[in-house]
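So this block is run-v1.cif, mmCIF, C-alpha atoms:
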```cif
data_upload
#
loop_
_atom_site.label_atom_id
_atom_site.label_comp_id
_atom_site.auth_asym_id
_atom_site.auth_seq_id
_atom_site.Cartn_x
_atom_site.Cartn_y
_atom_site.Cartn_z
CA MET G 1286 117.51 92.96 -86.49
CA ALA G 1287 120.09 93.37 -83.71
CA VAL G 1288 118.65 90.29 -82.00
CA LEU G 1289 119.12 88.24 -85.17
CA ARG G 1290 122.73 89.40 -85.47
CA LEU G 1291 123.34 88.52 -81.82
CA ARG G 1292 121.78 85.07 -82.27
CA GLY G 1293 123.96 84.48 -85.36
CA ALA G 1294 127.06 85.62 -83.51
CA LEU G 1295 126.22 83.43 -80.53
CA ARG G 1296 125.58 80.41 -82.76
CA GLY G 1297 128.88 81.03 -84.57
CA GLY G 1298 130.64 81.48 -81.24
CA VAL G 1299 129.15 78.27 -79.86
CA LEU G 1300 130.19 76.33 -82.96
CA ALA G 1301 133.69 77.79 -82.75
CA LEU G 1302 133.84 76.81 -79.07
CA ILE G 1303 132.62 73.28 -79.87
CA PHE G 1304 135.20 72.96 -82.66
CA ALA G 1305 138.01 74.25 -80.44
CA PHE G 1306 136.97 71.89 -77.61
CA ALA G 1307 136.77 68.98 -80.05
CA LEU G 1308 140.37 69.58 -81.08
CA ALA G 1309 141.52 68.90 -77.51
CA VAL G 1310 142.31 65.23 -78.22
CA PRO G 1311 145.32 63.49 -76.66
CA ALA G 1312 148.38 63.64 -78.92
CA ALA G 1313 148.91 59.88 -78.54
CA ALA G 1314 145.81 59.27 -80.67
CA ASP G 1315 147.60 60.69 -83.74
CA SER G 1316 150.28 57.99 -83.73
CA ILE G 1317 147.59 55.34 -83.18
CA TRP G 1318 145.81 56.38 -86.38
CA ARG G 1319 148.94 56.09 -88.48
CA SER G 1320 149.58 52.48 -87.48
CA GLU G 1321 146.07 51.16 -88.06
CA GLU G 1322 144.97 48.56 -90.57
CA TRP G 1323 141.50 47.01 -90.58
CA THR G 1324 139.56 44.57 -92.72
CA ASP G 1325 135.87 45.32 -93.14
CA LEU G 1326 133.01 42.84 -93.59
CA THR G 1327 133.44 42.88 -97.38
CA GLY G 1328 137.10 41.83 -97.07
CA ARG G 1329 138.54 45.24 -97.95
CA THR G 1330 141.62 46.26 -95.95
CA TRP G 1331 141.65 49.90 -94.81
CA THR G 1332 144.85 51.75 -93.93
CA ALA G 1333 145.67 55.38 -93.23
CA ASP G 1334 147.19 55.57 -96.73
CA ASP G 1335 143.87 54.49 -98.29
CA LEU G 1336 142.16 57.36 -96.52
CA GLU G 1337 144.75 60.05 -97.26
CA GLY G 1338 143.10 63.35 -98.11
CA ARG G 1339 139.73 62.24 -96.71
CA VAL G 1340 137.95 63.23 -93.52
CA VAL G 1341 137.29 60.00 -91.60
CA LEU G 1342 134.72 59.31 -88.91
CA LEU G 1343 135.37 56.17 -86.88
CA ASP G 1344 132.16 55.11 -85.17
CA PHE G 1345 132.66 52.58 -82.37
CA TRP G 1346 129.26 51.01 -81.70
CA ALA G 1347 127.34 47.79 -80.99
CA THR G 1348 123.97 46.39 -82.04
CA TRP G 1349 122.80 46.13 -78.40
CA CYS G 1350 123.67 49.78 -77.62
CA ALA G 1351 120.53 51.97 -77.63
CA PRO G 1352 122.46 55.29 -77.81
CA CYS G 1353 124.45 53.88 -80.77
CA LEU G 1354 121.24 53.00 -82.61
CA ALA G 1355 119.80 56.44 -81.84
CA GLU G 1356 122.76 57.98 -83.71
CA LEU G 1357 122.11 56.02 -86.92
CA PRO G 1358 119.85 58.66 -88.53
CA ASP G 1359 122.55 61.33 -88.00
CA LEU G 1360 125.22 59.05 -89.47
CA ARG G 1361 123.01 58.24 -92.48
CA GLU G 1362 122.49 61.97 -92.98
CA LEU G 1363 126.23 62.69 -92.80
CA ASP G 1364 126.99 59.86 -95.22
CA ALA G 1365 124.37 61.10 -97.70
CA ALA G 1366 125.45 64.75 -97.45
CA TYR G 1367 129.22 64.34 -97.42
CA GLY G 1368 130.06 60.77 -98.52
CA GLU G 1369 130.88 61.89 -102.04
CA ARG G 1370 132.53 65.09 -100.88
CA GLY G 1371 135.40 63.56 -98.91
CA LEU G 1372 133.90 62.00 -95.76
CA VAL G 1373 134.44 58.32 -95.06
CA ILE G 1374 132.54 56.74 -92.18
CA VAL G 1375 133.97 53.47 -90.90
CA GLY G 1376 131.89 51.66 -88.31
CA ILE G 1377 133.77 49.61 -85.74
CA ALA G 1378 131.19 47.11 -84.47
CA LEU G 1379 132.33 46.01 -81.01
CA ASP G 1380 129.82 43.21 -80.98
CA ALA G 1381 129.92 39.49 -80.14
CA LEU G 1382 127.38 38.68 -82.86
CA GLU G 1383 128.28 36.12 -85.49
CA ARG G 1384 129.46 37.75 -88.73
CA ARG G 1385 126.32 36.68 -90.66
CA ASP G 1386 124.06 38.07 -87.92
CA LEU G 1387 125.87 41.41 -88.00
CA ARG G 1388 125.53 41.55 -91.80
CA SER G 1389 121.81 40.83 -91.46
CA PHE G 1390 121.48 43.60 -88.86
CA LEU G 1391 123.28 46.04 -91.16
CA LEU G 1392 120.94 45.22 -94.03
CA ARG G 1393 117.80 45.53 -91.88
CA HIS G 1394 118.93 48.91 -90.54
CA ASP G 1395 120.21 50.29 -93.86
CA ILE G 1396 123.77 50.77 -92.62
CA THR G 1397 125.73 51.09 -95.84
CA TRP G 1398 129.11 52.47 -94.77
CA PRO G 1399 132.05 50.08 -94.22
CA GLN G 1400 132.00 48.03 -91.02
CA VAL G 1401 134.88 46.43 -89.16
CA HIS G 1402 133.68 43.62 -86.87
CA GLU G 1403 135.57 43.29 -83.58
CA ARG G 1404 133.99 40.43 -81.64
CA ALA G 1405 136.34 41.03 -78.69
CA GLY G 1406 134.50 44.30 -78.04
CA THR G 1407 136.34 46.83 -75.93
CA GLN G 1408 139.13 44.28 -75.43
CA SER G 1409 139.97 44.34 -79.16
CA ASP G 1410 143.24 45.91 -80.27
CA ILE G 1411 141.58 48.81 -82.07
CA ALA G 1412 139.30 49.64 -79.13
CA ARG G 1413 142.23 49.59 -76.70
CA ARG G 1414 144.41 51.73 -79.01
CA PHE G 1415 141.69 54.37 -79.24
CA GLY G 1416 140.88 54.16 -75.51
CA VAL G 1417 137.34 52.90 -76.10
CA GLU G 1418 135.98 51.50 -72.85
CA ALA G 1419 132.28 51.82 -73.67
CA VAL G 1420 130.16 52.63 -76.71
CA PRO G 1421 129.24 54.81 -78.46
CA VAL G 1422 132.51 56.58 -79.28
CA THR G 1423 133.27 58.63 -82.36
CA VAL G 1424 136.76 59.59 -83.51
CA LEU G 1425 137.12 62.21 -86.23
CA VAL G 1426 140.29 62.29 -88.35
CA ASP G 1427 141.08 65.24 -90.62
CA SER G 1428 142.32 65.01 -94.21
CA ALA G 1429 145.94 65.13 -93.01
CA GLY G 1430 145.42 61.98 -90.93
CA ARG G 1431 145.32 63.73 -87.55
CA VAL G 1432 142.76 62.82 -84.89
CA VAL G 1433 140.96 66.11 -84.27
CA ALA G 1434 137.85 65.21 -82.26
CA ARG G 1435 136.31 62.51 -80.12
CA ASP G 1436 132.76 61.87 -78.95
CA LEU G 1437 131.03 64.49 -81.04
CA ARG G 1438 127.35 63.86 -81.76
CA GLY G 1439 124.44 65.37 -83.65
CA LYS G 1440 124.76 68.97 -84.79
CA ALA G 1441 128.24 69.41 -83.30
CA LEU G 1442 129.50 66.42 -85.30
CA GLY G 1443 127.83 67.66 -88.49
CA ALA G 1444 129.21 71.18 -88.10
CA THR G 1445 132.72 69.89 -87.42
CA VAL G 1446 132.66 67.53 -90.42
CA LYS G 1447 131.44 70.38 -92.63
CA ALA G 1448 134.20 72.69 -91.35
CA LEU G 1449 136.89 70.03 -91.86
CA LEU G 1450 135.74 69.30 -95.40
CA ARG G 1451 135.68 73.00 -96.20
CA SER G 1452 139.16 73.59 -94.75
CA SER G 1453 140.65 70.59 -96.55
CA ALA G 1454 139.16 71.61 -99.91
CA VAL G 1455 138.25 68.02 -100.74
CA PRO G 1456 136.36 67.97 -104.07
#
```
Re-express the file's structure as structure tokens.
Amino acid sequence: MAVLRLRGALRGGVLALIFAFALAVPAAADSIWRSEEWTDLTGRTWTADDLEGRVVLLDFWATWCAPCLAELPDLRELDAAYGERGLVIVGIALDALERRDLRSFLLRHDITWPQVHERAGTQSDIARRFGVEAVPVTVLVDSAGRVVARDLRGKALGATVKALLRSSAVP
């Protein structure tokens, strides 16, 4: 019984440490988020105001990036679990593919969350503003519009999203 309590305490401590570490994001990223405006593949324009009160995960990725593709199951899981509870995932495809080829890729791989297509890759304005020099990169924004984490993956990303949604009391 004591071992189980210790394991629980260690797991909680590790998650707290991961969350605290994730919050160590440069302050400049906050002002970058506030000035953003993107148009996704459906033609919808996204701004910080549109996302007010929501936890937002920006996923910078590319179709040719094996680690990016390996993260797709985790992103699908997050979208299914929290998409209607306040999480918005916005993919930023830093890919030179033609628009129609990217759409086809998204359909084949069951990627349903909004996608912004930046053919200039890491030289695009959004990639440069967020300091993206290689993919994959994730940027997590809390419900107040503050960048709170970068480059979280897997269980650490899931736990942080869950904690942010709980703390923001998004219905």
Run the PyMOL selection byres ((chain G and resi 1370) around 9) against the file shown and list the residues it catches, as a count of residues only.
10
Please determine an axis-aligned box that encloses all atoms of stretch 1352-1364 of chain G listed in the file, with 8 Å added on each side, and express its centre and edge lengths in Å to one decimal as JSON.
```
{"center_x": 123.4, "center_y": 57.8, "center_z": -86.5, "size_x": 23.2, "size_y": 25.7, "size_z": 33.4}
```
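In this model, the gap between atom CA of G:Asp1344 and atom CA of G:Asp1386 comes to 19.1 Å.
Counting only C-alpha atoms, the residue from G:Glu1403, G:Glu1362, G:Asp1334, G:Asp1325 that sits nearest to G:Asp1380 is G:Glu1403.
Residue nearest G:Ser1389, chosen from G:Arg1414, G:Thr1348, G:Ala1448, G:Trp1331 and counting all atoms listed in the file: G:Thr1348.
The residue that comes closest to G:Asp1364, out of G:Val1446, G:Ile1411, G:Ala1333, G:Val1422 and on the basis of only C-alpha atoms, is G:Val1446.
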As a compact mmCIF listing (two decimals) with C-alpha atoms, in the frame of the given file, please: the residues near G:Thr1397 (cut-off 10 Å, only C-alpha atoms, same-chain neighbours under 4 positions excluded).
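Saved file around39.txt follows:
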```txt
# COMPACT_ATOMS: atom_id res chain seq x y z
CA ARG G 1361 123.01 58.24 -92.48
CA ASP G 1364 126.99 59.86 -95.22
CA ILE G 1374 132.54 56.74 -92.18
CA VAL G 1375 133.97 53.47 -90.90
CA GLY G 1376 131.89 51.66 -88.31
CA LEU G 1391 123.28 46.04 -91.16
CA LEU G 1392 120.94 45.22 -94.03
```
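The coordinates place atom CA of G:Leu1343 at 8.0 Å from atom CA of G:Val1426.
You can rank G:Ala1405, G:Ala1347, G:Ile1396, G:Glu1337 by their closest distance to G:Ala1365 using only C-alpha atoms, and at the top of that list sits G:Ile1396.
Here the question is which of G:Ala1381, G:Arg1438, G:Asp1395, G:Leu1363 gets nearest to G:Val1341 using only C-alpha atoms, and that residue is G:Leu1363.
If you look at atom CA of G:Leu1387 and atom CA of G:Ala1351, they are 15.7 Å away from each other.
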What residues come out when you apply the PyMOL selection byres ((chain G and resi 1346) around 6) to this file, written as an MDAnalysis selection string?
chainID G and resid 1345 1347 1353 1378:1379 1420:1421
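With all atoms listed in the file as the atoms that count, the minimum distance from G:Leu1357 to the choices G:His1394, G:His1402, G:Arg1413, G:Arg1431 is reached by G:His1394.
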